[in-house]
Amino acid sequence: MQALITGASSGMGEEMAKYLAGMGWDLILVARRADRLKSVENSLPKSIKVTIISADLSNPENAKNLFEQVKDRKIDLLINNAGFGIFGEFAEVDLDREIELINTNVTAVHILTKLFLQKFLSEDKGRIINVASSAGFLAGPLMASYYASKNYVVRLTQAIYEELRRKKSNVHISCFCPGPVKTDFNNVAGVRFAIKGIDSTYAARYCIDKAFKNKMIIMPSFTMKCANFLMRFVPHKMLTRINYNIQKKK
């Protein structure tokens, strides 16, 4: 069995790589920094095969080129984990940085999901995990672009899930929607979590275990599950006001 993981040089991607490696999976690890990928590779069991690919997925052509590099390889699992956030008022955040975010969080996920889905359907097997966030169910004042990008990932995954379900396909897709997780995400985004983050090792293992059980939406935190349920009964305008106050504390 072999998995391809984007954003595999740290955080959730690294933890997912370690968990799969412990189960004997071969890995294709993708991220911008080859040196950090090498460090991850050195931490994995020597009994598994690891391929490192350095690629900046903020360039859509690199996402297409990544697929071309691996399309003839036997891959059983794609994990679209690469992504980052930006904090600040929408009118003030740097536009070029936002375009990088959209290309990484949305465009690359869209490209790789489509191309691998087509490959998996032709083989009548395979699995995709798209890493989103609990932010994917909300509007996010002060992190507007990030929240919007994760909304896209959630809704895209849900739609594909239903298409596959109706076909009774042997191909499966899941969306991982954690709340705050203890990773480098907040350092990149320039924030600190207003809510205590959960352990990244636990989150990674929970995600993969539930994906193998064909769960559509995967939430590892009881707090986030409760919050997501209660949000259904709160008007959107009020939710947005509440979320602004939460974001401001960051």
# chains A, B, ... in the order shown; residues from 1 in each chain; ligands from 1
>>> closest_atom_pairs(of="region 129-149 of chain A", to="region 171-181 of chain A", cutoff="12 Å", atoms="only C-alpha atoms", output="tab-separated table")
residue	atom	partner	partner_atom	distance
A:Ile129	CA	A:Ser174	CA	4.9
A:Asn130	CA	A:Cys175	CA	4.8
A:Val131	CA	A:Phe176	CA	4.7
A:Ala132	CA	A:Cys177	CA	5.1
A:Ser133	CA	A:Cys177	CA	3.9
A:Ser134	CA	A:Cys177	CA	4.9
A:Ala135	CA	A:Gly179	CA	7.6
A:Gly136	CA	A:Cys177	CA	7.4
A:Phe137	CA	A:Cys177	CA	9.1
A:Leu138	CA	A:Cys177	CA	11.8
A:Tyr147	CA	A:Cys177	CA	11.8
>>> closest_atom_pairs(of="region 60-170 of chain A", to="region 10-24 of chain A", cutoff="9 Å", atoms="only C-alpha atoms", output="CSV")
residue,atom,partner,partner_atom,distance
A:Ile79,CA,A:Gly13,CA,8.3
A:Asn80,CA,A:Gly13,CA,9.0
A:Asn81,CA,A:Gly13,CA,6.2
A:Ala82,CA,A:Gly13,CA,7.8
>>> residues_around(residues="Leu142 (chain A)", least_positions_apart="6", cutoff="6 Å", atoms="only C-alpha atoms", output="list in words")
Phe87, Gly88 and Glu89 of chain A
>>> write_last_selection(atoms="N, CA, C and O atoms", output="PDB file, in the first residue's frame")
ATOM      1  N   PHE A  87      -3.965  36.002   8.803  1.00  0.00           N
ATOM      2  CA  PHE A  87      -4.780  36.766   9.742  1.00  0.00           C
ATOM      3  C   PHE A  87      -4.767  38.253   9.383  1.00  0.00           C
ATOM      4  O   PHE A  87      -3.724  38.800   9.029  1.00  0.00           O
ATOM      5  N   GLY A  88      -5.919  38.893   9.466  1.00  0.00           N
ATOM      6  CA  GLY A  88      -6.012  40.331   9.221  1.00  0.00           C
ATOM      7  C   GLY A  88      -7.318  40.686   8.530  1.00  0.00           C
ATOM      8  O   GLY A  88      -8.003  39.822   7.977  1.00  0.00           O
ATOM      9  N   GLU A  89      -7.668  41.967   8.566  1.00  0.00           N
ATOM     10  CA  GLU A  89      -8.880  42.401   7.867  1.00  0.00           C
ATOM     11  C   GLU A  89      -8.724  42.208   6.371  1.00  0.00           C
ATOM     12  O   GLU A  89      -7.649  42.475   5.808  1.00  0.00           O
TER      13      GLU A  89
END
>>> residues_around(residues="region 68-76 of chain A", least_positions_apart="4", cutoff="6 Å", atoms="only C-alpha atoms", output="number ranges by chain")
A: 2-3, 126
>>> atom_distance(atom1="CA of Ser58 (chain A)", atom2="CA of Val154 (chain A)")
19.4 Å
>>> select_by_dssp(residues="region 57-219 of chain A", states="helix (DSSP H, G or I)", output="MDAnalysis selection string")
chainID A and resid 60:70 95:123 134:137 144:167 185:189 200:211
>>> write_last_selection(atoms="C-alpha atoms", output="compact mmCIF listing (two decimals), in the first residue's frame")
# COMPACT_ATOMS: atom_id res chain seq x y z
CA PRO A 60 -1.19 25.39 -10.03
CA GLU A 61 1.15 24.01 -12.70
CA ASN A 62 3.16 22.31 -9.96
CA ALA A 63 0.05 20.46 -8.81
CA LYS A 64 -0.51 19.19 -12.35
CA ASN A 65 3.18 18.29 -12.69
CA LEU A 66 3.05 16.40 -9.39
CA PHE A 67 0.31 14.16 -10.72
CA GLU A 68 2.23 13.60 -13.95
CA GLN A 69 5.25 12.47 -11.90
CA VAL A 70 3.33 9.80 -10.01
CA LEU A 95 -3.40 40.28 -2.20
CA ASP A 96 -0.48 38.25 -3.55
CA ARG A 97 -0.28 36.30 -0.32
CA GLU A 98 -4.03 35.63 -0.53
CA ILE A 99 -3.63 34.32 -4.08
CA GLU A 100 -0.95 31.94 -2.77
CA LEU A 101 -3.41 30.80 -0.10
CA ILE A 102 -6.21 30.22 -2.62
CA ASN A 103 -3.90 28.34 -4.96
CA THR A 104 -2.62 26.12 -2.14
CA ASN A 105 -5.80 25.59 -0.13
CA VAL A 106 -8.26 25.44 -3.03
CA THR A 107 -6.74 25.16 -6.51
CA ALA A 108 -4.16 22.49 -5.69
CA VAL A 109 -6.72 20.49 -3.72
CA HIS A 110 -9.17 20.75 -6.64
CA ILE A 111 -6.58 19.70 -9.22
CA LEU A 112 -5.19 16.76 -7.26
CA THR A 113 -8.63 15.57 -6.14
CA LYS A 114 -9.92 15.55 -9.73
CA LEU A 115 -6.87 13.91 -11.30
CA PHE A 116 -6.49 11.25 -8.62
CA LEU A 117 -10.24 10.62 -8.56
CA GLN A 118 -10.17 9.93 -12.29
CA LYS A 119 -7.21 7.59 -11.80
CA PHE A 120 -8.85 5.79 -8.88
CA LEU A 121 -12.15 5.40 -10.73
CA SER A 122 -10.37 3.84 -13.68
CA GLU A 123 -8.74 1.39 -11.26
CA SER A 134 -13.99 23.34 11.46
CA ALA A 135 -13.57 26.75 9.77
CA GLY A 136 -15.15 25.11 6.72
CA PHE A 137 -18.60 25.51 8.26
CA ALA A 144 -11.84 35.60 5.62
CA SER A 145 -9.79 33.97 2.86
CA TYR A 146 -8.75 30.99 4.98
CA TYR A 147 -12.29 30.25 6.14
CA ALA A 148 -13.64 30.63 2.61
CA SER A 149 -10.99 28.24 1.27
CA LYS A 150 -11.92 25.58 3.81
CA ASN A 151 -15.63 26.02 3.02
CA TYR A 152 -14.73 25.16 -0.57
CA VAL A 153 -12.89 21.99 0.46
CA VAL A 154 -15.74 20.81 2.71
CA ARG A 155 -18.49 21.34 0.12
CA LEU A 156 -16.44 19.90 -2.74
CA THR A 157 -15.71 16.76 -0.74
CA GLN A 158 -19.32 16.34 0.35
CA ALA A 159 -20.52 16.59 -3.25
CA ILE A 160 -18.00 14.03 -4.50
CA TYR A 161 -18.84 11.71 -1.62
CA GLU A 162 -22.49 11.63 -2.68
CA GLU A 163 -21.60 11.07 -6.33
CA LEU A 164 -19.44 8.09 -5.33
CA ARG A 165 -22.08 6.75 -2.93
CA ARG A 166 -24.74 6.72 -5.64
CA LYS A 167 -22.39 4.78 -7.92
CA PHE A 185 -0.23 26.54 11.54
CA ASN A 186 -0.67 29.41 14.00
CA ASN A 187 2.94 30.53 13.53
CA VAL A 188 2.48 30.76 9.76
CA ALA A 189 -0.86 32.53 10.09
CA SER A 200 -1.59 16.46 16.41
CA THR A 201 -0.65 12.78 16.79
CA TYR A 202 -4.11 11.93 18.12
CA ALA A 203 -5.78 14.02 15.40
CA ALA A 204 -3.83 12.35 12.60
CA ARG A 205 -4.59 8.85 13.83
CA TYR A 206 -8.26 9.64 14.40
CA CYS A 207 -8.54 11.05 10.88
CA ILE A 208 -7.01 8.05 9.15
CA ASP A 209 -8.92 5.50 11.24
CA LYS A 210 -12.26 7.18 10.49
CA ALA A 211 -11.42 7.62 6.79
>>> select_by_dssp(residues="region 17-223 of chain A", states="strand (DSSP E)", output="ChimeraX atom specification")
/A:26-31,50-54,77-80,126-131,171-176,217-218
>>> write_last_selection(atoms="N, CA, C and O atoms", output="mmCIF file, in the first residue's frame")
data_model
loop_
_atom_site.group_PDB
_atom_site.id
_atom_site.type_symbol
_atom_site.label_atom_id
_atom_site.label_comp_id
_atom_site.auth_asym_id
_atom_site.auth_seq_id
_atom_site.Cartn_x
_atom_site.Cartn_y
_atom_site.Cartn_z
ATOM 1 N N ASP A 26 4.048 2.363 2.248
ATOM 2 C CA ASP A 26 5.056 3.160 1.562
ATOM 3 C C ASP A 26 4.489 4.563 1.352
ATOM 4 O O ASP A 26 3.265 4.743 1.274
ATOM 5 N N LEU A 27 5.389 5.538 1.235
ATOM 6 C CA LEU A 27 4.939 6.932 1.240
ATOM 7 C C LEU A 27 5.597 7.764 0.147
ATOM 8 O O LEU A 27 6.769 7.585 -0.167
ATOM 9 N N ILE A 28 4.810 8.681 -0.411
ATOM 10 C CA ILE A 28 5.326 9.763 -1.258
ATOM 11 C C ILE A 28 5.041 11.044 -0.494
ATOM 12 O O ILE A 28 3.883 11.407 -0.284
ATOM 13 N N LEU A 29 6.086 11.713 -0.057
ATOM 14 C CA LEU A 29 5.953 12.906 0.783
ATOM 15 C C LEU A 29 6.233 14.150 -0.047
ATOM 16 O O LEU A 29 7.280 14.255 -0.688
ATOM 17 N N VAL A 30 5.292 15.097 -0.008
ATOM 18 C CA VAL A 30 5.373 16.298 -0.847
ATOM 19 C C VAL A 30 5.310 17.540 0.031
ATOM 20 O O VAL A 30 4.459 17.650 0.919
ATOM 21 N N ALA A 31 6.221 18.477 -0.215
ATOM 22 C CA ALA A 31 6.208 19.782 0.443
ATOM 23 C C ALA A 31 7.211 20.672 -0.279
ATOM 24 O O ALA A 31 7.927 20.223 -1.179
ATOM 25 N N VAL A 50 10.201 5.323 0.875
ATOM 26 C CA VAL A 50 9.784 6.724 0.951
ATOM 27 C C VAL A 50 10.317 7.478 -0.261
ATOM 28 O O VAL A 50 11.510 7.411 -0.571
ATOM 29 N N THR A 51 9.440 8.191 -0.939
ATOM 30 C CA THR A 51 9.829 9.061 -2.047
ATOM 31 C C THR A 51 9.570 10.501 -1.633
ATOM 32 O O THR A 51 8.499 10.824 -1.125
ATOM 33 N N ILE A 52 10.566 11.365 -1.834
ATOM 34 C CA ILE A 52 10.438 12.786 -1.498
ATOM 35 C C ILE A 52 10.280 13.584 -2.788
ATOM 36 O O ILE A 52 11.061 13.419 -3.732
ATOM 37 N N ILE A 53 9.279 14.460 -2.814
ATOM 38 C CA ILE A 53 9.073 15.355 -3.955
ATOM 39 C C ILE A 53 8.933 16.775 -3.430
ATOM 40 O O ILE A 53 8.021 17.073 -2.656
ATOM 41 N N SER A 54 9.833 17.644 -3.846
ATOM 42 C CA SER A 54 9.757 19.060 -3.467
ATOM 43 C C SER A 54 8.900 19.793 -4.492
ATOM 44 O O SER A 54 9.209 19.802 -5.685
ATOM 45 N N LEU A 77 -3.849 5.902 -1.635
ATOM 46 C CA LEU A 77 -4.405 6.957 -0.784
ATOM 47 C C LEU A 77 -3.754 8.297 -1.108
ATOM 48 O O LEU A 77 -2.526 8.407 -1.138
ATOM 49 N N LEU A 78 -4.579 9.298 -1.350
ATOM 50 C CA LEU A 78 -4.123 10.685 -1.495
ATOM 51 C C LEU A 78 -4.598 11.468 -0.281
ATOM 52 O O LEU A 78 -5.789 11.437 0.054
ATOM 53 N N ILE A 79 -3.670 12.173 0.378
ATOM 54 C CA ILE A 79 -4.043 13.069 1.475
ATOM 55 C C ILE A 79 -3.661 14.494 1.077
ATOM 56 O O ILE A 79 -2.480 14.831 0.999
ATOM 57 N N ASN A 80 -4.678 15.306 0.789
ATOM 58 C CA ASN A 80 -4.467 16.719 0.471
ATOM 59 C C ASN A 80 -4.402 17.501 1.785
ATOM 60 O O ASN A 80 -5.415 17.932 2.319
ATOM 61 N N GLY A 126 -9.289 3.091 -4.370
ATOM 62 C CA GLY A 126 -8.523 4.258 -3.966
ATOM 63 C C GLY A 126 -9.285 5.094 -2.961
ATOM 64 O O GLY A 126 -10.509 4.949 -2.796
ATOM 65 N N ARG A 127 -8.557 5.959 -2.296
ATOM 66 C CA ARG A 127 -9.153 6.759 -1.231
ATOM 67 C C ARG A 127 -8.500 8.143 -1.218
ATOM 68 O O ARG A 127 -7.292 8.275 -1.429
ATOM 69 N N ILE A 128 -9.325 9.167 -0.943
ATOM 70 C CA ILE A 128 -8.845 10.547 -0.839
ATOM 71 C C ILE A 128 -9.266 11.111 0.508
ATOM 72 O O ILE A 128 -10.419 10.953 0.910
ATOM 73 N N ILE A 129 -8.341 11.757 1.192
ATOM 74 C CA ILE A 129 -8.648 12.524 2.397
ATOM 75 C C ILE A 129 -8.294 13.978 2.115
ATOM 76 O O ILE A 129 -7.130 14.296 1.847
ATOM 77 N N ASN A 130 -9.281 14.855 2.160
ATOM 78 C CA ASN A 130 -9.043 16.287 2.030
ATOM 79 C C ASN A 130 -9.059 16.913 3.425
ATOM 80 O O ASN A 130 -10.051 16.799 4.145
ATOM 81 N N VAL A 131 -7.966 17.549 3.782
ATOM 82 C CA VAL A 131 -7.864 18.170 5.105
ATOM 83 C C VAL A 131 -8.444 19.575 5.029
ATOM 84 O O VAL A 131 -7.919 20.439 4.325
ATOM 85 N N VAL A 171 -14.257 3.552 -4.698
ATOM 86 C CA VAL A 171 -13.422 4.723 -4.403
ATOM 87 C C VAL A 171 -14.123 5.531 -3.318
ATOM 88 O O VAL A 171 -15.344 5.712 -3.359
ATOM 89 N N HIS A 172 -13.342 6.030 -2.350
ATOM 90 C CA HIS A 172 -13.937 6.728 -1.206
ATOM 91 C C HIS A 172 -13.232 8.057 -0.965
ATOM 92 O O HIS A 172 -12.041 8.216 -1.277
ATOM 93 N N ILE A 173 -13.983 9.009 -0.414
ATOM 94 C CA ILE A 173 -13.421 10.327 -0.107
ATOM 95 C C ILE A 173 -13.946 10.796 1.250
ATOM 96 O O ILE A 173 -15.101 10.535 1.609
ATOM 97 N N SER A 174 -13.085 11.433 2.013
ATOM 98 C CA SER A 174 -13.439 11.954 3.330
ATOM 99 C C SER A 174 -12.870 13.354 3.486
ATOM 100 O O SER A 174 -11.906 13.731 2.816
ATOM 101 N N CYS A 175 -13.473 14.117 4.401
ATOM 102 C CA CYS A 175 -13.003 15.471 4.692
ATOM 103 C C CYS A 175 -12.703 15.570 6.189
ATOM 104 O O CYS A 175 -13.577 15.315 7.028
ATOM 105 N N PHE A 176 -11.468 15.929 6.507
ATOM 106 C CA PHE A 176 -11.031 16.055 7.894
ATOM 107 C C PHE A 176 -11.232 17.489 8.346
ATOM 108 O O PHE A 176 -10.669 18.418 7.758
ATOM 109 N N ILE A 217 -17.466 13.307 6.911
ATOM 110 C CA ILE A 217 -16.905 14.424 7.674
ATOM 111 C C ILE A 217 -16.297 13.866 8.957
ATOM 112 O O ILE A 217 -16.976 13.162 9.726
ATOM 113 N N ILE A 218 -15.037 14.171 9.183
ATOM 114 C CA ILE A 218 -14.311 13.631 10.335
ATOM 115 C C ILE A 218 -13.930 14.773 11.266
ATOM 116 O O ILE A 218 -13.182 15.681 10.877
#
